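Have a look at run_13.txt; it's compact mmCIF, N, CA and C atoms and all ligand atoms:
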# COMPACT_ATOMS: atom_id res chain seq x y z
N MET A 17 -148.62 128.65 28.04
CA MET A 17 -149.44 127.47 28.29
C MET A 17 -148.75 126.57 29.31
N ARG A 18 -149.53 126.06 30.28
CA ARG A 18 -148.92 125.18 31.27
C ARG A 18 -149.51 123.78 31.15
N PHE A 19 -148.65 122.80 31.16
CA PHE A 19 -149.08 121.41 31.09
C PHE A 19 -148.69 120.70 32.37
N HIS A 20 -149.57 119.88 32.85
CA HIS A 20 -149.18 118.96 33.90
C HIS A 20 -148.18 117.99 33.28
N GLY A 21 -147.14 117.60 33.99
CA GLY A 21 -146.06 116.77 33.46
C GLY A 21 -146.54 115.56 32.68
N SER A 22 -147.44 114.77 33.27
CA SER A 22 -147.86 113.53 32.62
C SER A 22 -148.69 113.80 31.38
N LYS A 23 -149.45 114.90 31.38
CA LYS A 23 -150.24 115.26 30.18
C LYS A 23 -149.32 115.62 29.03
N PHE A 24 -148.22 116.32 29.36
CA PHE A 24 -147.27 116.73 28.34
C PHE A 24 -146.62 115.49 27.69
N VAL A 25 -146.24 114.55 28.53
CA VAL A 25 -145.63 113.31 28.02
C VAL A 25 -146.63 112.59 27.12
N LEU A 26 -147.90 112.56 27.54
CA LEU A 26 -148.95 111.90 26.76
C LEU A 26 -149.11 112.58 25.40
N LEU A 27 -149.09 113.92 25.41
CA LEU A 27 -149.24 114.69 24.17
C LEU A 27 -148.10 114.37 23.20
N ILE A 28 -146.87 114.37 23.72
CA ILE A 28 -145.70 114.06 22.88
C ILE A 28 -145.83 112.64 22.32
N PHE A 29 -146.26 111.71 23.17
CA PHE A 29 -146.42 110.32 22.75
C PHE A 29 -147.48 110.21 21.64
N ALA A 30 -148.62 110.92 21.84
CA ALA A 30 -149.71 110.88 20.86
C ALA A 30 -149.24 111.45 19.52
N LEU A 31 -148.50 112.57 19.58
CA LEU A 31 -147.98 113.18 18.35
C LEU A 31 -147.04 112.22 17.64
N PHE A 32 -146.20 111.55 18.42
CA PHE A 32 -145.23 110.60 17.85
C PHE A 32 -145.96 109.44 17.17
N VAL A 33 -146.96 108.89 17.86
CA VAL A 33 -147.72 107.76 17.30
C VAL A 33 -148.43 108.20 16.04
N PHE A 34 -149.04 109.41 16.07
CA PHE A 34 -149.79 109.91 14.92
C PHE A 34 -148.87 110.04 13.71
N THR A 35 -147.72 110.74 13.90
CA THR A 35 -146.85 110.96 12.74
C THR A 35 -146.24 109.64 12.30
N ALA A 36 -145.88 108.77 13.24
CA ALA A 36 -145.26 107.50 12.87
C ALA A 36 -146.24 106.62 12.12
N SER A 37 -147.53 106.71 12.41
CA SER A 37 -148.49 105.79 11.80
C SER A 37 -149.03 106.31 10.47
N THR A 38 -148.93 107.63 10.23
CA THR A 38 -149.52 108.13 8.99
C THR A 38 -148.48 108.35 7.90
N LYS A 39 -147.23 108.51 8.27
CA LYS A 39 -146.24 108.88 7.28
C LYS A 39 -145.77 107.67 6.48
N ALA A 40 -145.92 107.79 5.17
CA ALA A 40 -145.42 106.75 4.26
C ALA A 40 -144.15 107.28 3.62
N ASP A 41 -143.26 106.39 3.23
CA ASP A 41 -142.08 106.82 2.48
C ASP A 41 -142.52 107.15 1.05
N PRO A 42 -141.82 108.09 0.39
CA PRO A 42 -142.14 108.35 -1.02
C PRO A 42 -141.85 107.11 -1.86
N LEU A 43 -142.65 106.92 -2.90
CA LEU A 43 -142.42 105.80 -3.82
C LEU A 43 -141.23 106.14 -4.71
N PRO A 44 -140.14 105.36 -4.63
CA PRO A 44 -138.97 105.68 -5.46
C PRO A 44 -139.20 105.34 -6.92
N SER A 45 -138.60 106.12 -7.81
CA SER A 45 -138.69 105.80 -9.23
C SER A 45 -137.38 106.12 -9.92
N PRO A 46 -136.89 105.27 -10.82
CA PRO A 46 -137.53 103.99 -11.13
C PRO A 46 -137.30 103.00 -10.00
N SER A 47 -138.23 102.02 -9.90
CA SER A 47 -138.07 100.95 -8.93
C SER A 47 -138.87 99.73 -9.40
N VAL A 48 -138.47 98.57 -8.90
CA VAL A 48 -139.14 97.32 -9.28
C VAL A 48 -139.52 96.60 -8.00
N TRP A 49 -140.74 96.05 -7.97
CA TRP A 49 -141.30 95.43 -6.78
C TRP A 49 -141.91 94.08 -7.14
N LYS A 50 -141.73 93.12 -6.24
CA LYS A 50 -142.33 91.79 -6.48
C LYS A 50 -143.17 91.44 -5.27
N ASN A 51 -144.39 90.96 -5.49
CA ASN A 51 -145.23 90.62 -4.34
C ASN A 51 -145.13 89.12 -4.01
N GLN A 52 -145.80 88.73 -2.94
CA GLN A 52 -145.69 87.36 -2.43
C GLN A 52 -146.34 86.34 -3.37
N ARG A 53 -147.08 86.82 -4.41
CA ARG A 53 -147.67 85.92 -5.41
C ARG A 53 -146.78 85.79 -6.63
N GLY A 54 -145.65 86.52 -6.65
CA GLY A 54 -144.73 86.45 -7.78
C GLY A 54 -145.00 87.51 -8.84
N SER A 55 -146.00 88.36 -8.63
CA SER A 55 -146.30 89.42 -9.61
C SER A 55 -145.28 90.56 -9.46
N VAL A 56 -145.07 91.26 -10.57
CA VAL A 56 -144.02 92.29 -10.60
C VAL A 56 -144.62 93.64 -10.99
N LEU A 57 -144.29 94.65 -10.19
CA LEU A 57 -144.67 96.04 -10.50
C LEU A 57 -143.40 96.81 -10.83
N GLU A 58 -143.34 97.37 -12.05
CA GLU A 58 -142.24 98.27 -12.40
C GLU A 58 -142.78 99.69 -12.31
N VAL A 59 -142.11 100.51 -11.51
CA VAL A 59 -142.48 101.93 -11.42
C VAL A 59 -141.53 102.69 -12.34
N TRP A 60 -142.08 103.26 -13.37
CA TRP A 60 -141.25 103.96 -14.37
C TRP A 60 -141.06 105.42 -14.00
N SER A 61 -142.13 106.05 -13.48
CA SER A 61 -142.00 107.45 -13.08
C SER A 61 -143.00 107.79 -12.00
N VAL A 62 -142.59 108.73 -11.15
CA VAL A 62 -143.50 109.35 -10.17
C VAL A 62 -143.27 110.85 -10.30
N VAL A 63 -144.16 111.52 -11.00
CA VAL A 63 -143.99 112.95 -11.29
C VAL A 63 -145.18 113.71 -10.71
N GLY A 64 -144.91 114.60 -9.77
CA GLY A 64 -146.00 115.35 -9.13
C GLY A 64 -147.01 114.42 -8.48
N GLY A 65 -146.54 113.26 -8.03
CA GLY A 65 -147.42 112.29 -7.36
C GLY A 65 -148.06 111.29 -8.31
N ALA A 66 -147.96 111.55 -9.62
CA ALA A 66 -148.58 110.63 -10.60
C ALA A 66 -147.66 109.44 -10.86
N ILE A 67 -148.17 108.26 -10.59
CA ILE A 67 -147.38 107.03 -10.79
C ILE A 67 -147.68 106.44 -12.16
N LEU A 68 -146.61 106.12 -12.89
CA LEU A 68 -146.76 105.39 -14.16
C LEU A 68 -145.82 104.20 -14.15
N GLY A 69 -146.29 103.08 -14.65
CA GLY A 69 -145.45 101.90 -14.70
C GLY A 69 -146.14 100.75 -15.38
N GLU A 70 -145.70 99.56 -15.02
CA GLU A 70 -146.19 98.34 -15.68
C GLU A 70 -146.32 97.24 -14.63
N PHE A 71 -147.34 96.41 -14.81
CA PHE A 71 -147.60 95.32 -13.85
C PHE A 71 -147.73 94.01 -14.61
N ILE A 72 -147.04 92.99 -14.12
CA ILE A 72 -147.21 91.64 -14.69
C ILE A 72 -147.75 90.74 -13.60
N ASN A 73 -148.96 90.23 -13.82
CA ASN A 73 -149.57 89.31 -12.87
C ASN A 73 -149.00 87.92 -13.06
N ASN A 74 -148.48 87.36 -11.96
CA ASN A 74 -147.97 85.98 -12.01
C ASN A 74 -148.64 85.14 -10.93
N ALA A 75 -149.76 85.61 -10.43
CA ALA A 75 -150.37 84.96 -9.26
C ALA A 75 -151.11 83.68 -9.65
N PRO A 76 -150.74 82.56 -9.01
CA PRO A 76 -151.50 81.32 -9.24
C PRO A 76 -152.96 81.53 -8.86
N GLY A 77 -153.85 80.91 -9.63
CA GLY A 77 -155.28 81.01 -9.30
C GLY A 77 -155.98 82.19 -9.95
N PHE A 78 -155.21 83.04 -10.66
CA PHE A 78 -155.81 84.18 -11.35
C PHE A 78 -155.56 84.04 -12.85
N GLU A 79 -156.36 84.79 -13.61
CA GLU A 79 -156.19 84.78 -15.06
C GLU A 79 -155.21 85.86 -15.49
N CYS A 80 -155.04 85.99 -16.81
CA CYS A 80 -154.17 87.04 -17.36
C CYS A 80 -152.76 87.01 -16.77
N GLN A 81 -152.18 85.82 -16.69
CA GLN A 81 -150.81 85.71 -16.15
C GLN A 81 -149.78 86.00 -17.24
N GLY A 82 -148.68 86.63 -16.81
CA GLY A 82 -147.52 86.81 -17.68
C GLY A 82 -147.68 87.88 -18.74
N ILE A 83 -148.73 88.69 -18.64
CA ILE A 83 -148.96 89.74 -19.65
C ILE A 83 -148.67 91.10 -19.01
N PRO A 84 -147.80 91.92 -19.63
CA PRO A 84 -147.56 93.25 -19.07
C PRO A 84 -148.74 94.19 -19.35
N TYR A 85 -149.21 94.87 -18.32
CA TYR A 85 -150.29 95.86 -18.46
C TYR A 85 -149.86 97.17 -17.81
N PRO A 86 -150.34 98.30 -18.34
CA PRO A 86 -149.99 99.59 -17.74
C PRO A 86 -150.50 99.68 -16.30
N ALA A 87 -149.72 100.34 -15.46
CA ALA A 87 -150.13 100.64 -14.08
C ALA A 87 -150.11 102.15 -13.92
N ALA A 88 -151.15 102.70 -13.30
CA ALA A 88 -151.22 104.15 -13.08
C ALA A 88 -151.81 104.41 -11.71
N GLY A 89 -151.31 105.45 -11.06
CA GLY A 89 -151.84 105.73 -9.72
C GLY A 89 -151.33 107.04 -9.18
N ARG A 90 -151.34 107.13 -7.87
CA ARG A 90 -151.02 108.39 -7.19
C ARG A 90 -150.23 108.09 -5.92
N ASP A 91 -149.18 108.85 -5.70
CA ASP A 91 -148.39 108.72 -4.47
C ASP A 91 -148.55 110.00 -3.66
N THR A 92 -148.87 109.87 -2.37
CA THR A 92 -149.02 111.04 -1.49
C THR A 92 -148.24 110.77 -0.20
N PRO A 93 -148.04 111.80 0.63
CA PRO A 93 -147.33 111.57 1.89
C PRO A 93 -148.07 110.59 2.80
N ASN A 94 -149.35 110.39 2.58
CA ASN A 94 -150.12 109.47 3.44
C ASN A 94 -150.30 108.08 2.86
N GLY A 95 -149.77 107.85 1.66
CA GLY A 95 -149.93 106.52 1.06
C GLY A 95 -150.09 106.63 -0.44
N LEU A 96 -150.38 105.50 -1.05
CA LEU A 96 -150.47 105.48 -2.51
C LEU A 96 -151.60 104.56 -2.95
N PHE A 97 -151.99 104.73 -4.21
CA PHE A 97 -152.83 103.72 -4.86
C PHE A 97 -152.38 103.57 -6.29
N PHE A 98 -152.63 102.42 -6.86
CA PHE A 98 -152.43 102.25 -8.31
C PHE A 98 -153.45 101.25 -8.83
N VAL A 99 -153.71 101.40 -10.12
CA VAL A 99 -154.76 100.61 -10.78
C VAL A 99 -154.16 99.93 -12.01
N VAL A 100 -154.55 98.69 -12.22
CA VAL A 100 -154.14 97.96 -13.43
C VAL A 100 -155.40 97.39 -14.08
N THR A 101 -155.57 97.68 -15.36
CA THR A 101 -156.68 97.09 -16.12
C THR A 101 -156.16 95.88 -16.88
N PHE A 102 -156.76 94.73 -16.58
CA PHE A 102 -156.39 93.48 -17.27
C PHE A 102 -157.33 93.33 -18.45
N ALA A 103 -156.94 93.99 -19.56
CA ALA A 103 -157.87 94.16 -20.68
C ALA A 103 -158.41 92.82 -21.19
N LYS A 104 -157.51 91.83 -21.29
CA LYS A 104 -157.93 90.53 -21.85
C LYS A 104 -158.90 89.80 -20.92
N CYS A 105 -158.94 90.19 -19.67
CA CYS A 105 -159.77 89.49 -18.67
C CYS A 105 -161.01 90.29 -18.27
N ASN A 106 -161.22 91.45 -18.88
CA ASN A 106 -162.37 92.30 -18.51
C ASN A 106 -162.40 92.55 -17.00
N SER A 107 -161.23 92.86 -16.44
CA SER A 107 -161.17 93.09 -15.00
C SER A 107 -160.14 94.17 -14.70
N PHE A 108 -160.23 94.72 -13.52
CA PHE A 108 -159.16 95.62 -13.07
C PHE A 108 -159.01 95.52 -11.56
N THR A 109 -157.81 95.91 -11.10
CA THR A 109 -157.52 95.85 -9.66
C THR A 109 -157.00 97.19 -9.19
N ARG A 110 -157.46 97.61 -8.02
CA ARG A 110 -156.92 98.80 -7.36
C ARG A 110 -156.20 98.37 -6.08
N TRP A 111 -154.94 98.75 -5.99
CA TRP A 111 -154.16 98.52 -4.77
C TRP A 111 -154.09 99.83 -3.99
N ARG A 112 -154.22 99.76 -2.68
CA ARG A 112 -154.04 100.93 -1.81
C ARG A 112 -153.09 100.55 -0.70
N GLY A 113 -152.14 101.42 -0.38
CA GLY A 113 -151.22 101.07 0.69
C GLY A 113 -150.17 102.13 0.89
N TYR A 114 -149.01 101.67 1.32
CA TYR A 114 -147.93 102.62 1.61
C TYR A 114 -146.58 101.91 1.51
N VAL A 115 -145.56 102.74 1.28
CA VAL A 115 -144.18 102.25 1.23
C VAL A 115 -143.53 102.50 2.58
N ARG A 116 -142.88 101.49 3.09
CA ARG A 116 -142.05 101.66 4.31
C ARG A 116 -140.75 100.92 4.04
N GLY A 117 -139.69 101.69 3.80
CA GLY A 117 -138.40 101.07 3.48
C GLY A 117 -138.48 100.32 2.16
N ASN A 118 -138.09 99.03 2.19
CA ASN A 118 -138.11 98.25 0.95
C ASN A 118 -139.38 97.40 0.82
N GLN A 119 -140.41 97.78 1.60
CA GLN A 119 -141.68 97.06 1.52
C GLN A 119 -142.80 97.99 1.08
N MET A 120 -143.72 97.43 0.30
CA MET A 120 -144.96 98.15 -0.01
C MET A 120 -146.11 97.27 0.48
N ILE A 121 -146.84 97.80 1.46
CA ILE A 121 -147.93 97.05 2.08
C ILE A 121 -149.24 97.51 1.44
N THR A 122 -150.01 96.59 0.89
CA THR A 122 -151.24 97.00 0.18
C THR A 122 -152.44 96.11 0.49
N ASN A 123 -153.60 96.72 0.34
CA ASN A 123 -154.88 96.00 0.21
C ASN A 123 -155.34 96.21 -1.22
N TRP A 124 -156.00 95.21 -1.80
CA TRP A 124 -156.48 95.37 -3.17
C TRP A 124 -157.93 94.90 -3.32
N THR A 125 -158.53 95.45 -4.36
CA THR A 125 -159.86 94.99 -4.77
C THR A 125 -159.80 94.68 -6.26
N LEU A 126 -160.19 93.46 -6.62
CA LEU A 126 -160.28 93.06 -8.03
C LEU A 126 -161.75 93.16 -8.46
N TYR A 127 -161.97 93.95 -9.49
CA TYR A 127 -163.32 94.13 -10.06
C TYR A 127 -163.38 93.26 -11.32
N TYR A 128 -164.32 92.36 -11.37
CA TYR A 128 -164.38 91.45 -12.52
C TYR A 128 -165.84 91.10 -12.83
N ILE A 129 -166.01 90.39 -13.95
CA ILE A 129 -167.35 89.98 -14.38
C ILE A 129 -167.46 88.47 -14.20
N LYS A 130 -168.44 88.03 -13.47
CA LYS A 130 -168.63 86.59 -13.27
C LYS A 130 -169.07 85.93 -14.58
N PRO A 131 -168.88 84.59 -14.68
CA PRO A 131 -169.31 83.90 -15.90
C PRO A 131 -170.78 84.14 -16.25
N ASN A 132 -171.63 84.40 -15.24
CA ASN A 132 -173.05 84.67 -15.52
C ASN A 132 -173.30 86.13 -15.89
N GLY A 133 -172.20 86.93 -16.01
CA GLY A 133 -172.35 88.32 -16.45
C GLY A 133 -172.48 89.32 -15.32
N GLN A 134 -172.55 88.83 -14.09
CA GLN A 134 -172.70 89.75 -12.95
C GLN A 134 -171.36 90.37 -12.56
N PRO A 135 -171.32 91.70 -12.37
CA PRO A 135 -170.10 92.34 -11.85
C PRO A 135 -169.86 91.91 -10.40
N SER A 136 -168.58 91.70 -10.06
CA SER A 136 -168.28 91.26 -8.71
C SER A 136 -166.90 91.75 -8.28
N THR A 137 -166.56 91.58 -7.01
CA THR A 137 -165.25 92.01 -6.51
C THR A 137 -164.64 90.93 -5.60
N ILE A 138 -163.33 90.91 -5.55
CA ILE A 138 -162.59 90.10 -4.56
C ILE A 138 -161.58 91.04 -3.89
N ASN A 139 -161.41 90.87 -2.59
CA ASN A 139 -160.43 91.68 -1.85
C ASN A 139 -159.28 90.82 -1.36
N GLY A 140 -158.12 91.44 -1.22
CA GLY A 140 -156.97 90.72 -0.66
C GLY A 140 -155.87 91.67 -0.25
N ASN A 141 -154.76 91.10 0.15
CA ASN A 141 -153.58 91.86 0.56
C ASN A 141 -152.38 91.42 -0.27
N ASP A 142 -151.55 92.36 -0.64
CA ASP A 142 -150.27 92.05 -1.26
C ASP A 142 -149.17 92.80 -0.53
N VAL A 143 -148.08 92.11 -0.29
CA VAL A 143 -146.88 92.77 0.23
C VAL A 143 -145.82 92.68 -0.85
N PHE A 144 -145.39 93.85 -1.33
CA PHE A 144 -144.36 93.92 -2.36
C PHE A 144 -143.00 94.19 -1.71
N LEU A 145 -141.98 93.52 -2.22
CA LEU A 145 -140.61 93.79 -1.78
C LEU A 145 -139.86 94.42 -2.95
N ARG A 146 -139.07 95.44 -2.64
CA ARG A 146 -138.30 96.09 -3.70
C ARG A 146 -137.16 95.19 -4.14
N THR A 147 -137.07 94.98 -5.45
CA THR A 147 -136.02 94.10 -5.97
C THR A 147 -135.00 94.89 -6.77
N ASN A 148 -135.29 96.16 -7.05
CA ASN A 148 -134.42 96.95 -7.90
C ASN A 148 -134.63 98.44 -7.72
C1 LIG B 201 -158.03 88.43 -13.38
O1 LIG B 201 -157.86 87.31 -12.84
O2 LIG B 201 -159.15 88.84 -13.70
C2 LIG B 201 -156.86 89.31 -13.70
C3 LIG B 201 -155.67 89.09 -12.85
C4 LIG B 201 -155.84 89.54 -11.43
C5 LIG B 201 -154.62 89.24 -10.58
C6 LIG B 201 -154.81 89.64 -9.12
S1 LIG B 201 -154.65 91.37 -8.89
C7 LIG B 201 -154.55 91.17 -7.16
C8 LIG B 201 -153.75 89.91 -6.90
N1 LIG B 201 -152.33 90.20 -6.78
C9 LIG B 201 -151.66 89.72 -7.81
O3 LIG B 201 -150.43 89.87 -7.96
N2 LIG B 201 -152.45 89.09 -8.66
C10 LIG B 201 -153.81 89.04 -8.16
Would you put the structure from the file into structure tokens?
Ligand code: BTN
Amino acid sequence: MRFHGSKFVLLIFALFVFTASTKADPLPSPSVWKNQRGSVLEVWSVVGGAILGEFINNAPGFECQGIPYPAAGRDTPNGLFFVVTFAKCNSFTRWRGYVRGNQMITNWTLYYIKPNGQPSTINGNDVFLRTN
């Protein structure tokens, strides 16, 4: 196969950008993470990609603060997700994101029931820093 010089450089650059942008670091276990709202995620195990741990919500403006709830999810080479059910609040949140070094960058959706009984969602971002 013959490549024109500049096309070859472009191909190498594209491959580099692709791999650099899709590759997430594996989620270490055990590990402890704290987000910018003060909430804490403890990762107890990651076995065959299955994440198990515990989450304590400490975020101002939200309910169910200070209560430990199970966290479960999946870690893959392209990123991770985990879900926490806040049983006392009839709500749950799914975080999706990736680990890069000592940071976990996530988007989340909170599924909850409005006071009038209607199901609803809120979206946001959390950045977790590894503390342990
Ligand atoms: C609720 O208010 O219904 C339960 C608590 C939800 C807390 C949310 S989950 C996403 C965001 N990040 C946090 O650390 N806490 C809030």
Axis-aligned box for all listed atoms of ligand LIG 201 (chain B), 8 Å per side, centre and edges in Å to one decimal, as JSON:
{"center_x": -154.8, "center_y": 89.3, "center_z": -10.2, "size_x": 24.7, "size_y": 20.1, "size_z": 22.9}
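With only C-alpha atoms and all ligand atoms as the atoms that count, the minimum distance from ligand LIG 201 (chain B) to the choices A:Asn141, A:Asn118, A:Ser45, A:Ser22 is reached by A:Asn141.
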Check the smallest atom-to-atom distance from each of A:Arg116, A:Lys130, A:Arg146, A:Arg110 to Trp49 in chain A using all atoms listed in the file, then report the winner.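 Once distances to Trp49 in chain A are computed over all atoms listed in the file, the minimum belongs to A:Arg146.
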What does the distance from CA of Gly117 in chain A to atom C4 of ligand LIG 201 (chain B) come to in Å, to one decimal? 25.7 Å
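The protein and nucleic acid residues lying at most 6 Å from Phe98 in chain A are Ala88, Gly89, Arg90, Thr109, Arg110, Trp111 and Arg112 of chain A, with all atoms listed in the file considered and sequence neighbours fewer than 4 positions away removed.
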Export of the given selection (N, CA and C atoms) as a PDB file, keeping the file's coordinate frame:
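File written: part34.pdb
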ATOM      1  N   ALA A  88    -151.150 102.700 -13.300  1.00  0.00           N
ATOM      2  CA  ALA A  88    -151.220 104.150 -13.080  1.00  0.00           C
ATOM      3  C   ALA A  88    -151.810 104.410 -11.710  1.00  0.00           C
ATOM      4  N   GLY A  89    -151.310 105.450 -11.060  1.00  0.00           N
ATOM      5  CA  GLY A  89    -151.840 105.730  -9.720  1.00  0.00           C
ATOM      6  C   GLY A  89    -151.330 107.040  -9.180  1.00  0.00           C
ATOM      7  N   ARG A  90    -151.340 107.130  -7.870  1.00  0.00           N
ATOM      8  CA  ARG A  90    -151.020 108.390  -7.190  1.00  0.00           C
ATOM      9  C   ARG A  90    -150.230 108.090  -5.920  1.00  0.00           C
ATOM     10  N   THR A 109    -157.810  95.910 -11.100  1.00  0.00           N
ATOM     11  CA  THR A 109    -157.520  95.850  -9.660  1.00  0.00           C
ATOM     12  C   THR A 109    -157.000  97.190  -9.190  1.00  0.00           C
ATOM     13  N   ARG A 110    -157.460  97.610  -8.020  1.00  0.00           N
ATOM     14  CA  ARG A 110    -156.920  98.800  -7.360  1.00  0.00           C
ATOM     15  C   ARG A 110    -156.200  98.370  -6.080  1.00  0.00           C
ATOM     16  N   TRP A 111    -154.940  98.750  -5.990  1.00  0.00           N
ATOM     17  CA  TRP A 111    -154.160  98.520  -4.770  1.00  0.00           C
ATOM     18  C   TRP A 111    -154.090  99.830  -3.990  1.00  0.00           C
ATOM     19  N   ARG A 112    -154.220  99.760  -2.680  1.00  0.00           N
ATOM     20  CA  ARG A 112    -154.040 100.930  -1.810  1.00  0.00           C
ATOM     21  C   ARG A 112    -153.090 100.550  -0.700  1.00  0.00           C
TER      22      ARG A 112
END
Identify, counting only N, CA and C atoms and all ligand atoms, the protein, DNA and RNA residues located within 7 Å of ligand LIG 201 (chain B), and give them as a ChimeraX atom specification. /A:51-56,72-81,102,105-110,124-128,140-142
Between atom C of Gly64 in chain A and atom N of Asp41 in chain A, what is the spacing in Å? 14.7 Å
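The space separating atom C of Glu70 in chain A from atom N of Asn132 in chain A comes to 28.4 Å.
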